[in-house]
Amino acid sequence: MSASEGRRRTLAGLAAAAASASPLARVAEAFLPGPPPGPKSAPSRPVVAIGRREGLVTPAGALDMNVLQAALGAAVARAAGEATAVASMRRLFKPTDVVGIKVGCLGGRGVSTRPEVALQLAAFLQAAGVPADRIYVWDRTDRELRAAGYVIASGRGVRVFGTNEDYDERLVEWGPSASRFDRVLATELTAVISCCPLKDHGLAGVSLTMKNWYGAIHNPNKLHDDNCAPFVPHLVACPVIHDKLRLSVVDGSVAQCHGGPGRAPRWAWPYGGFLASTDPVAVDAVGRQVLEARRKEVGLPPLAAEGREPKYIAGAARLGLGVADLSRIARVEV
Amino acid sequence: MNGRRAFVGRLVASGAGCALAGARRLGGEPLQDPFAAGSSLRVEEGGLNPTPARWFKTLPDGWVECEVCPRACRISEDERGTCGTRENRKGRLYTLVHSRPCSLALDPVEKKPFFHVLPGSEALSLATAGCNLACKGCQNWEIAQARPEQVPGMTLTPADVVMKAKRMGAPLVACTYTEPVVFSEYVLDIAVAGRAVGVRTVMISNGYVQEQPLADLCHEIAAYKVDLKGFDPVFFRQHTGGELKHVLDTLRRLRKHGTWTEIVALIIPTQNDSEAEIRALSRFVRDEVGPETPVHFTRFHPSYRLQNLPSTPVATLERARGAAMAEGLRFVYLGNVPGHPGENTYCPGCAKVLIRRYGMAMAENRLKGGACPDCHRTIPGVWS
């Protein structure tokens, strides 16, 4: 089987999982022009790009792939200050990189990173010159990935797989804890994207791109005290993550403002868009803002009033990982 | 995957996944599922054996609150508590490790250490994966700080365990190595099964347990050893991730239940070795647990996240022992110092040696009917 055949087969496998798979034949070429280039992200004023589109989520709950490409492409483009998503990817990643897209699938269908979104990011990467067989989509287990609609793909082309307890043997000391990291992350990947759903978390307050990294270590169960505040910033600061993290994306096609981390349909709504930034703290701060706004809209109290202030976001800023102060974040609708 | 296989292979090769240092590896037995053929258990992928948990309450929106340890983890569906072994499935809590030990060995009871429980006996010792604390100096972190899928296990029902102990001539089953509180349902079932055939069950625990499960366990087990990791609340929190007050409550409750209790205090250089702390600990034991409660000051060796500290000087342990005895404790021992006189049991009445030990072995036992043969003073313990 040739490389291109393998890739097609992998893509076909992924496509089978996607509810609206018909446009997938086009995804490899999908680098729709984004908005005009804005100012480059500067450390003092990071950009969080928000790409929302009417019709992203169909009445049946599927994603319209054309709308997805437009919305996600615009957000990714602006996040890195480029004209197109592909240009952004080209700026952030080298063809020689091995790129991991860490998705979040704990919530099953409905409140996990949608396969179509991960696939679209993979398509942008390929269009930017990263070979398909150097792109990995992964989460904790095959079981959780399948439950969220993914098809495990281990052949040539974009790989989709769970860690399945394949943790690196080395115990890495980090701040208040120590963990074994996903072996592929620790030993193979040179660059990563965190791509998580936009959702509430009953202990952490919100679970966004930074907390998504709990799914890459062997002992996340140990790290939920005090709304995860002592842990998330130090975990993200670990070189195995921090040195490889190029882009953080929140899949808000369907979001959930309460009852997480599991699925709670009563509190889910079609936000219909994506958040993207090269600053993981900023994108989480804006994601939290979106969730808080929705909570207010539906009559829920602020997270802090429920004892679930996601303090780790400010903690990450204090650790120098990014900007949490909303007044210092360029929140750009694209 | 190769990484996991290599890690597991090393665990097995080092003995950590099956039998820990000083233990007698069970001769020639395969690690995996020695009883699987005869067992009716259907173990899930990953070696999980979901069994309804005994102590929990349901919460709105499908959440549950675990009531086995003071963490009282609130757990959403498909998630687990801090210990990594108790999972919410469709609004009910399950223990995933019942009948799934990851370590099994025949140890001298002195290794636990229990010095006042059937001296010279052997204890069939077992653990499942997981712990509710995260001590920086964890000696068994490969299994204690892991989820059950991450370590190799075997299937061993409570009946299997006690029959195995019986066959091997062990009068005790010791639930140890990791934290038996997180597998309390299994402990309880072993204890009940053992009672019918004369095999007693003991726990070697951090004492981080809620009142009701402790009461249920005390009803069935023969003895409870508490690792008292320190006596300064700040140190305790930083070192273990837990709260000292809960362990002190457990010690008070053990006295109320009348369960035979021994205490181990691992002395870590510069961390919990001040004389003031040792004296405060000793006064607490004297006043609230009882002056005849055996206390073992054991020697720390670098491990897990405390690789930067030296082993405890023997002189530090000797000072701790002296301070504890000066506070009125009657049975104070040194641990991990083979050949030291502080390993022996002395009669508080006449100061004669009653039980002589070397390391984990008992060399001589002069007790007669649980009393000193010289001055006839009764020595507390489980002697027969």
# chains A, B, ... in the order shown; residues from 1 in each chain; ligands from 1
call {"tool": "interface_residues", "arguments": {"of": "chain A", "to": "chain B", "cutoff": "8 Å", "atoms": "only C-alpha atoms", "output": "PDB file with N, CA and C atoms, in the first residue's frame"}}
result
ATOM      1  N   LEU A 106     -13.507  12.449  27.355  1.00  0.00           N
ATOM      2  CA  LEU A 106     -14.089  11.828  28.544  1.00  0.00           C
ATOM      3  C   LEU A 106     -15.611  11.852  28.519  1.00  0.00           C
ATOM      4  N   GLU A 165      -2.562   3.167  28.804  1.00  0.00           N
ATOM      5  CA  GLU A 165      -1.547   2.850  29.825  1.00  0.00           C
ATOM      6  C   GLU A 165      -0.130   2.764  29.265  1.00  0.00           C
ATOM      7  N   ASP A 166       0.064   3.220  28.045  1.00  0.00           N
ATOM      8  CA  ASP A 166       1.419   3.233  27.490  1.00  0.00           C
ATOM      9  C   ASP A 166       2.112   4.527  27.923  1.00  0.00           C
ATOM     10  N   TYR A 167       2.483   4.554  29.184  1.00  0.00           N
ATOM     11  CA  TYR A 167       3.142   5.740  29.742  1.00  0.00           C
ATOM     12  C   TYR A 167       4.649   5.533  29.740  1.00  0.00           C
ATOM     13  N   ASP A 168       5.336   6.628  29.581  1.00  0.00           N
ATOM     14  CA  ASP A 168       6.786   6.576  29.630  1.00  0.00           C
ATOM     15  C   ASP A 168       7.218   6.076  31.010  1.00  0.00           C
ATOM     16  N   GLU A 169       8.268   5.285  31.021  1.00  0.00           N
ATOM     17  CA  GLU A 169       8.674   4.676  32.295  1.00  0.00           C
ATOM     18  C   GLU A 169       9.246   5.689  33.287  1.00  0.00           C
ATOM     19  N   GLU A 173       9.166  14.611  37.953  1.00  0.00           N
ATOM     20  CA  GLU A 173       8.781  15.461  39.078  1.00  0.00           C
ATOM     21  C   GLU A 173       8.346  16.801  38.519  1.00  0.00           C
ATOM     22  N   ALA A 178       4.207  14.350  40.753  1.00  0.00           N
ATOM     23  CA  ALA A 178       5.119  13.648  39.846  1.00  0.00           C
ATOM     24  C   ALA A 178       4.282  12.691  39.020  1.00  0.00           C
ATOM     25  N   ARG A 183       3.747   7.996  26.639  1.00  0.00           N
ATOM     26  CA  ARG A 183       5.057   7.694  26.057  1.00  0.00           C
ATOM     27  C   ARG A 183       5.268   8.403  24.721  1.00  0.00           C
ATOM     28  N   GLY A 202     -17.139  19.865  37.316  1.00  0.00           N
ATOM     29  CA  GLY A 202     -17.687  19.933  38.673  1.00  0.00           C
ATOM     30  C   GLY A 202     -16.664  20.181  39.756  1.00  0.00           C
ATOM     31  N   HIS A 218      -0.285   9.661  33.947  1.00  0.00           N
ATOM     32  CA  HIS A 218      -0.816   8.396  34.466  1.00  0.00           C
ATOM     33  C   HIS A 218      -1.646   8.566  35.738  1.00  0.00           C
ATOM     34  N   ASN A 219      -1.596   9.743  36.372  1.00  0.00           N
ATOM     35  CA  ASN A 219      -2.243   9.864  37.678  1.00  0.00           C
ATOM     36  C   ASN A 219      -3.135  11.098  37.818  1.00  0.00           C
ATOM     37  N   ASN A 221      -6.082  11.341  38.651  1.00  0.00           N
ATOM     38  CA  ASN A 221      -6.970  11.212  39.807  1.00  0.00           C
ATOM     39  C   ASN A 221      -6.393  11.867  41.060  1.00  0.00           C
ATOM     40  N   LYS A 222      -5.074  12.052  41.085  1.00  0.00           N
ATOM     41  CA  LYS A 222      -4.438  12.633  42.269  1.00  0.00           C
ATOM     42  C   LYS A 222      -4.475  14.157  42.280  1.00  0.00           C
ATOM     43  N   LEU A 223      -5.027  14.760  41.237  1.00  0.00           N
ATOM     44  CA  LEU A 223      -4.756  16.179  41.007  1.00  0.00           C
ATOM     45  C   LEU A 223      -6.006  17.055  40.954  1.00  0.00           C
ATOM     46  N   HIS A 224      -6.997  16.738  41.779  1.00  0.00           N
ATOM     47  CA  HIS A 224      -8.234  17.524  41.722  1.00  0.00           C
ATOM     48  C   HIS A 224      -8.529  18.326  42.982  1.00  0.00           C
ATOM     49  N   GLY A 259     -22.691  20.758  34.972  1.00  0.00           N
ATOM     50  CA  GLY A 259     -22.858  19.300  35.025  1.00  0.00           C
ATOM     51  C   GLY A 259     -21.697  18.506  34.478  1.00  0.00           C
ATOM     52  N   GLY A 260     -20.590  19.187  34.112  1.00  0.00           N
ATOM     53  CA  GLY A 260     -19.445  18.452  33.591  1.00  0.00           C
ATOM     54  C   GLY A 260     -18.652  17.804  34.695  1.00  0.00           C
ATOM     55  N   PRO A 261     -17.680  16.964  34.380  1.00  0.00           N
ATOM     56  CA  PRO A 261     -17.146  16.771  33.036  1.00  0.00           C
ATOM     57  C   PRO A 261     -17.929  15.788  32.171  1.00  0.00           C
ATOM     58  N   GLY A 262     -18.845  15.037  32.763  1.00  0.00           N
ATOM     59  CA  GLY A 262     -19.632  14.117  31.948  1.00  0.00           C
ATOM     60  C   GLY A 262     -20.695  14.873  31.164  1.00  0.00           C
TER      61      GLY A 262
END
call {"tool": "residues_around", "arguments": {"residues": "A:Ile101", "least_positions_apart": "6", "cutoff": "7 Å", "atoms": "only C-alpha atoms", "output": "PDB file with N, CA and C atoms, in the first residue's frame"}}
result
ATOM      1  N   TYR A 136      -0.546  12.829  14.886  1.00  0.00           N
ATOM      2  CA  TYR A 136      -1.219  11.879  15.775  1.00  0.00           C
ATOM      3  C   TYR A 136      -2.372  12.583  16.473  1.00  0.00           C
ATOM      4  N   VAL A 137      -3.513  11.932  16.497  1.00  0.00           N
ATOM      5  CA  VAL A 137      -4.643  12.392  17.293  1.00  0.00           C
ATOM      6  C   VAL A 137      -4.786  11.402  18.444  1.00  0.00           C
ATOM      7  N   TRP A 138      -4.743  11.913  19.678  1.00  0.00           N
ATOM      8  CA  TRP A 138      -4.772  10.925  20.762  1.00  0.00           C
ATOM      9  C   TRP A 138      -5.466  11.439  22.007  1.00  0.00           C
ATOM     10  N   VAL A 192       2.765  20.036  19.815  1.00  0.00           N
ATOM     11  CA  VAL A 192       1.427  19.579  20.182  1.00  0.00           C
ATOM     12  C   VAL A 192       0.403  20.702  20.070  1.00  0.00           C
ATOM     13  N   ILE A 193      -0.842  20.250  19.847  1.00  0.00           N
ATOM     14  CA  ILE A 193      -2.011  21.121  19.885  1.00  0.00           C
ATOM     15  C   ILE A 193      -2.938  20.562  20.947  1.00  0.00           C
ATOM     16  N   SER A 194      -3.415  21.417  21.827  1.00  0.00           N
ATOM     17  CA  SER A 194      -4.445  20.984  22.764  1.00  0.00           C
ATOM     18  C   SER A 194      -5.784  21.376  22.169  1.00  0.00           C
ATOM     19  N   CYS A 195      -6.648  20.400  22.010  1.00  0.00           N
ATOM     20  CA  CYS A 195      -7.952  20.659  21.386  1.00  0.00           C
ATOM     21  C   CYS A 195      -9.032  19.993  22.230  1.00  0.00           C
TER      22      CYS A 195
END
call {"tool": "residues_around", "arguments": {"residues": "stretch 271-284 of chain A", "least_positions_apart": "5", "cutoff": "6 Å", "atoms": "only C-alpha atoms", "output": "VMD selection string"}}
result
chain A and resid 48 to 52 56 72 75 to 76 79 208 246 to 255 322 to 324
call {"tool": "write_last_selection", "arguments": {"atoms": "N, CA and C atoms", "output": "tab-separated table (two decimals), in the first residue's frame"}}
result
chain	number	residue	atom	x	y	z
A	48	VAL	N	-7.02	35.95	21.24
A	48	VAL	CA	-7.88	34.75	21.26
A	48	VAL	C	-8.89	34.97	20.15
A	49	ALA	N	-8.78	34.15	19.13
A	49	ALA	CA	-9.67	34.28	17.98
A	49	ALA	C	-10.88	33.40	18.16
A	50	ILE	N	-12.05	33.97	17.89
A	50	ILE	CA	-13.30	33.23	18.06
A	50	ILE	C	-13.98	33.15	16.70
A	51	GLY	N	-14.08	31.94	16.20
A	51	GLY	CA	-14.74	31.74	14.91
A	51	GLY	C	-16.09	31.07	15.13
A	52	ARG	N	-17.15	31.86	14.99
A	52	ARG	CA	-18.50	31.30	15.15
A	52	ARG	C	-19.25	31.46	13.85
A	56	LEU	N	-23.27	25.84	11.95
A	56	LEU	CA	-22.19	24.88	12.20
A	56	LEU	C	-22.76	23.54	12.67
A	72	LEU	N	-13.42	27.23	11.90
A	72	LEU	CA	-12.17	26.81	12.53
A	72	LEU	C	-10.98	27.42	11.80
A	75	ALA	N	-10.48	30.99	12.86
A	75	ALA	CA	-9.94	31.12	14.21
A	75	ALA	C	-8.47	30.76	14.25
A	76	VAL	N	-8.11	29.68	13.58
A	76	VAL	CA	-6.70	29.26	13.59
A	76	VAL	C	-5.83	30.29	12.87
A	79	ALA	N	-5.44	33.30	15.14
A	79	ALA	CA	-4.71	32.99	16.38
A	79	ALA	C	-3.22	33.23	16.22
A	208	LEU	N	-10.71	23.09	30.15
A	208	LEU	CA	-10.41	23.65	28.83
A	208	LEU	C	-9.03	23.18	28.37
A	246	ARG	N	2.14	24.55	20.75
A	246	ARG	CA	2.16	25.64	19.77
A	246	ARG	C	0.79	26.30	19.61
A	247	LEU	N	-0.26	25.53	19.87
A	247	LEU	CA	-1.60	26.04	19.58
A	247	LEU	C	-2.61	25.39	20.52
A	248	SER	N	-3.56	26.21	20.99
A	248	SER	CA	-4.63	25.69	21.85
A	248	SER	C	-5.97	26.05	21.22
A	249	VAL	N	-6.80	25.05	21.07
A	249	VAL	CA	-8.08	25.22	20.37
A	249	VAL	C	-9.21	24.68	21.25
A	250	VAL	N	-10.27	25.45	21.38
A	250	VAL	CA	-11.45	24.98	22.10
A	250	VAL	C	-12.55	24.70	21.08
A	251	ASP	N	-13.05	23.48	21.12
A	251	ASP	CA	-14.15	23.09	20.25
A	251	ASP	C	-15.45	23.46	20.94
A	252	GLY	N	-16.03	24.57	20.51
A	252	GLY	CA	-17.29	25.00	21.10
A	252	GLY	C	-18.45	24.77	20.17
A	253	SER	N	-18.33	23.80	19.29
A	253	SER	CA	-19.46	23.53	18.40
A	253	SER	C	-20.70	23.29	19.25
A	254	VAL	N	-20.58	22.37	20.20
A	254	VAL	CA	-21.60	22.22	21.23
A	254	VAL	C	-20.88	22.36	22.56
A	255	ALA	N	-21.36	23.21	23.42
A	255	ALA	CA	-20.70	23.46	24.70
A	255	ALA	C	-21.62	23.07	25.85
A	322	GLY	N	1.08	32.61	30.39
A	322	GLY	CA	0.23	33.37	29.49
A	322	GLY	C	-0.50	34.45	30.24
A	323	VAL	N	-1.55	34.95	29.62
A	323	VAL	CA	-2.28	36.09	30.16
A	323	VAL	C	-3.69	35.66	30.53
A	324	ALA	N	-4.08	35.94	31.78
A	324	ALA	CA	-5.43	35.59	32.21
A	324	ALA	C	-6.33	36.81	32.34
call {"tool": "closest_residue", "arguments": {"among": "B:Met203, B:Leu317, B:Leu248, B:Leu188", "to": "B:Ser125", "atoms": "only C-alpha atoms"}}
result
B:Met203
call {"tool": "residues_around", "arguments": {"residues": "A:Arg146", "least_positions_apart": "5", "cutoff": "9 Å", "atoms": "only C-alpha atoms", "output": "PyMOL selection string"}}
result
chain A and resi 17+105+108+141+151-152
call {"tool": "residues_around", "arguments": {"residues": "stretch 55-59 of chain B", "least_positions_apart": "6", "cutoff": "8 Å", "atoms": "only C-alpha atoms", "output": "PDB file with C-alpha atoms, in the first residue's frame"}}
result
ATOM      1  CA  GLU B  65     -19.780  10.837  47.057  1.00  0.00           C
ATOM      2  CA  CYS B  66     -17.383   8.157  48.190  1.00  0.00           C
ATOM      3  CA  GLU B  67     -17.594   7.568  51.929  1.00  0.00           C
ATOM      4  CA  VAL B  68     -14.643   5.308  52.450  1.00  0.00           C
ATOM      5  CA  GLY B  91     -24.663   6.939  39.319  1.00  0.00           C
ATOM      6  CA  ARG B  92     -23.401   4.048  41.454  1.00  0.00           C
ATOM      7  CA  LEU B  93     -19.952   3.656  42.932  1.00  0.00           C
ATOM      8  CA  PRO B 213     -15.963   1.798  57.217  1.00  0.00           C
TER       9      PRO B 213
END
call {"tool": "select_by_dssp", "arguments": {"residues": "stretch 67-278 of chain A", "states": "helix (DSSP H, G or I)", "output": "ChimeraX atom specification"}}
result
/A:67-79,85-92,115-127,132-134,142-147,183-187,211-216,220-222,225-228,232-237,239-242,265-267
call {"tool": "residues_around", "arguments": {"residues": "B:Arg253", "least_positions_apart": "3", "cutoff": "10 Å", "atoms": "only C-alpha atoms", "output": "PDB file with N, CA and C atoms, in the first residue's frame"}}
result
ATOM      1  N   GLU B 211     -15.361   7.090  59.508  1.00  0.00           N
ATOM      2  CA  GLU B 211     -15.769   6.405  60.741  1.00  0.00           C
ATOM      3  C   GLU B 211     -16.523   5.098  60.473  1.00  0.00           C
ATOM      4  N   LEU B 214     -14.431   2.208  59.045  1.00  0.00           N
ATOM      5  CA  LEU B 214     -13.513   1.753  60.097  1.00  0.00           C
ATOM      6  C   LEU B 214     -14.264   0.871  61.097  1.00  0.00           C
ATOM      7  N   ALA B 215     -15.448   1.304  61.475  1.00  0.00           N
ATOM      8  CA  ALA B 215     -16.234   0.499  62.423  1.00  0.00           C
ATOM      9  C   ALA B 215     -16.530  -0.876  61.835  1.00  0.00           C
ATOM     10  N   CYS B 218     -13.293  -2.894  61.837  1.00  0.00           N
ATOM     11  CA  CYS B 218     -12.860  -3.292  63.187  1.00  0.00           C
ATOM     12  C   CYS B 218     -13.690  -4.455  63.723  1.00  0.00           C
ATOM     13  N   VAL B 247      -6.332  11.142  60.674  1.00  0.00           N
ATOM     14  CA  VAL B 247      -5.581   9.970  61.149  1.00  0.00           C
ATOM     15  C   VAL B 247      -5.633   9.906  62.677  1.00  0.00           C
ATOM     16  N   LEU B 248      -5.560  11.055  63.300  1.00  0.00           N
ATOM     17  CA  LEU B 248      -5.658  11.070  64.764  1.00  0.00           C
ATOM     18  C   LEU B 248      -7.048  10.590  65.198  1.00  0.00           C
ATOM     19  N   ASP B 249      -8.071  10.988  64.447  1.00  0.00           N
ATOM     20  CA  ASP B 249      -9.425  10.494  64.748  1.00  0.00           C
ATOM     21  C   ASP B 249      -9.473   8.971  64.638  1.00  0.00           C
ATOM     22  N   THR B 250      -8.830   8.443  63.618  1.00  0.00           N
ATOM     23  CA  THR B 250      -8.819   6.989  63.442  1.00  0.00           C
ATOM     24  C   THR B 250      -8.172   6.309  64.646  1.00  0.00           C
ATOM     25  N   LYS B 256     -11.411   3.062  70.863  1.00  0.00           N
ATOM     26  CA  LYS B 256     -12.808   2.881  71.260  1.00  0.00           C
ATOM     27  C   LYS B 256     -13.324   1.500  70.829  1.00  0.00           C
ATOM     28  N   HIS B 257     -12.892   1.072  69.643  1.00  0.00           N
ATOM     29  CA  HIS B 257     -13.344  -0.230  69.136  1.00  0.00           C
ATOM     30  C   HIS B 257     -12.630  -1.390  69.822  1.00  0.00           C
ATOM     31  N   GLY B 258     -11.547  -1.106  70.497  1.00  0.00           N
ATOM     32  CA  GLY B 258     -10.796  -2.178  71.143  1.00  0.00           C
ATOM     33  C   GLY B 258      -9.998  -3.024  70.168  1.00  0.00           C
ATOM     34  N   THR B 259      -9.728  -2.476  69.013  1.00  0.00           N
ATOM     35  CA  THR B 259      -8.948  -3.208  68.005  1.00  0.00           C
ATOM     36  C   THR B 259      -7.463  -3.072  68.334  1.00  0.00           C
ATOM     37  N   GLU B 288      -4.237   9.398  74.345  1.00  0.00           N
ATOM     38  CA  GLU B 288      -5.469   9.160  73.589  1.00  0.00           C
ATOM     39  C   GLU B 288      -5.556   7.787  72.930  1.00  0.00           C
ATOM     40  N   VAL B 289      -4.457   7.087  72.862  1.00  0.00           N
ATOM     41  CA  VAL B 289      -4.507   5.732  72.304  1.00  0.00           C
ATOM     42  C   VAL B 289      -4.133   4.724  73.383  1.00  0.00           C
TER      43      VAL B 289
END
call {"tool": "residues_around", "arguments": {"residues": "A:Ala264", "least_positions_apart": "5", "cutoff": "10 Å", "atoms": "only C-alpha atoms", "output": "ChimeraX atom specification"}}
result
/A:107,110-111,200,256-259 /B:61-62
call {"tool": "atom_distance", "arguments": {"atom1": "atom CA of A:Asn212", "atom2": "atom CA of A:Ser327"}}
result
24.7 Å
call {"tool": "decode", "arguments": {"residues": "stretch 149-196 of chain A", "atoms": "C-alpha atoms", "output": "PDB file, in the first residue's frame"}}
result
ATOM      1  CA  GLY A 149     -17.053   8.790  17.710  1.00  0.00           C
ATOM      2  CA  TYR A 150     -13.426   8.308  16.692  1.00  0.00           C
ATOM      3  CA  VAL A 151     -12.166   5.366  14.713  1.00  0.00           C
ATOM      4  CA  ILE A 152      -8.861   4.038  15.952  1.00  0.00           C
ATOM      5  CA  ALA A 153      -6.354   4.260  13.125  1.00  0.00           C
ATOM      6  CA  SER A 154      -2.942   2.744  13.577  1.00  0.00           C
ATOM      7  CA  GLY A 155      -1.848   2.292   9.993  1.00  0.00           C
ATOM      8  CA  ARG A 156      -0.185   4.817   7.747  1.00  0.00           C
ATOM      9  CA  GLY A 157      -1.614   8.282   7.569  1.00  0.00           C
ATOM     10  CA  VAL A 158      -2.985  10.214  10.492  1.00  0.00           C
ATOM     11  CA  ARG A 159      -2.916   7.964  13.510  1.00  0.00           C
ATOM     12  CA  VAL A 160      -5.728   7.969  16.063  1.00  0.00           C
ATOM     13  CA  PHE A 161      -5.089   6.103  19.285  1.00  0.00           C
ATOM     14  CA  GLY A 162      -5.440   6.034  23.028  1.00  0.00           C
ATOM     15  CA  THR A 163      -2.553   5.986  25.452  1.00  0.00           C
ATOM     16  CA  ASN A 164      -4.023   2.813  26.945  1.00  0.00           C
ATOM     17  CA  GLU A 165      -1.547   2.850  29.825  1.00  0.00           C
ATOM     18  CA  ASP A 166       1.419   3.233  27.490  1.00  0.00           C
ATOM     19  CA  TYR A 167       3.142   5.740  29.742  1.00  0.00           C
ATOM     20  CA  ASP A 168       6.786   6.576  29.630  1.00  0.00           C
ATOM     21  CA  GLU A 169       8.674   4.676  32.295  1.00  0.00           C
ATOM     22  CA  ARG A 170      10.322   7.791  33.686  1.00  0.00           C
ATOM     23  CA  LEU A 171       8.691   9.471  36.626  1.00  0.00           C
ATOM     24  CA  VAL A 172       8.829  13.216  36.046  1.00  0.00           C
ATOM     25  CA  GLU A 173       8.781  15.461  39.078  1.00  0.00           C
ATOM     26  CA  TRP A 174       6.758  18.587  38.427  1.00  0.00           C
ATOM     27  CA  GLY A 175       5.859  21.153  41.068  1.00  0.00           C
ATOM     28  CA  PRO A 176       3.490  19.627  43.560  1.00  0.00           C
ATOM     29  CA  SER A 177       3.354  16.172  42.027  1.00  0.00           C
ATOM     30  CA  ALA A 178       5.119  13.648  39.846  1.00  0.00           C
ATOM     31  CA  SER A 179       3.795  11.739  36.881  1.00  0.00           C
ATOM     32  CA  ARG A 180       4.586   9.406  34.074  1.00  0.00           C
ATOM     33  CA  PHE A 181       3.687  11.017  30.766  1.00  0.00           C
ATOM     34  CA  ASP A 182       2.139   9.445  27.729  1.00  0.00           C
ATOM     35  CA  ARG A 183       5.057   7.694  26.057  1.00  0.00           C
ATOM     36  CA  VAL A 184       4.368   9.089  22.613  1.00  0.00           C
ATOM     37  CA  LEU A 185       4.158  12.622  23.976  1.00  0.00           C
ATOM     38  CA  ALA A 186       7.339  12.157  25.968  1.00  0.00           C
ATOM     39  CA  THR A 187       9.409  10.462  23.320  1.00  0.00           C
ATOM     40  CA  GLU A 188       8.033  11.052  19.813  1.00  0.00           C
ATOM     41  CA  LEU A 189       6.107  14.268  19.511  1.00  0.00           C
ATOM     42  CA  THR A 190       7.964  17.469  18.801  1.00  0.00           C
ATOM     43  CA  ALA A 191       4.921  19.749  18.743  1.00  0.00           C
ATOM     44  CA  VAL A 192       1.427  19.579  20.182  1.00  0.00           C
ATOM     45  CA  ILE A 193      -2.011  21.121  19.885  1.00  0.00           C
ATOM     46  CA  SER A 194      -4.445  20.984  22.764  1.00  0.00           C
ATOM     47  CA  CYS A 195      -7.952  20.659  21.386  1.00  0.00           C
ATOM     48  CA  CYS A 196     -10.650  20.251  23.995  1.00  0.00           C
TER      49      CYS A 196
END
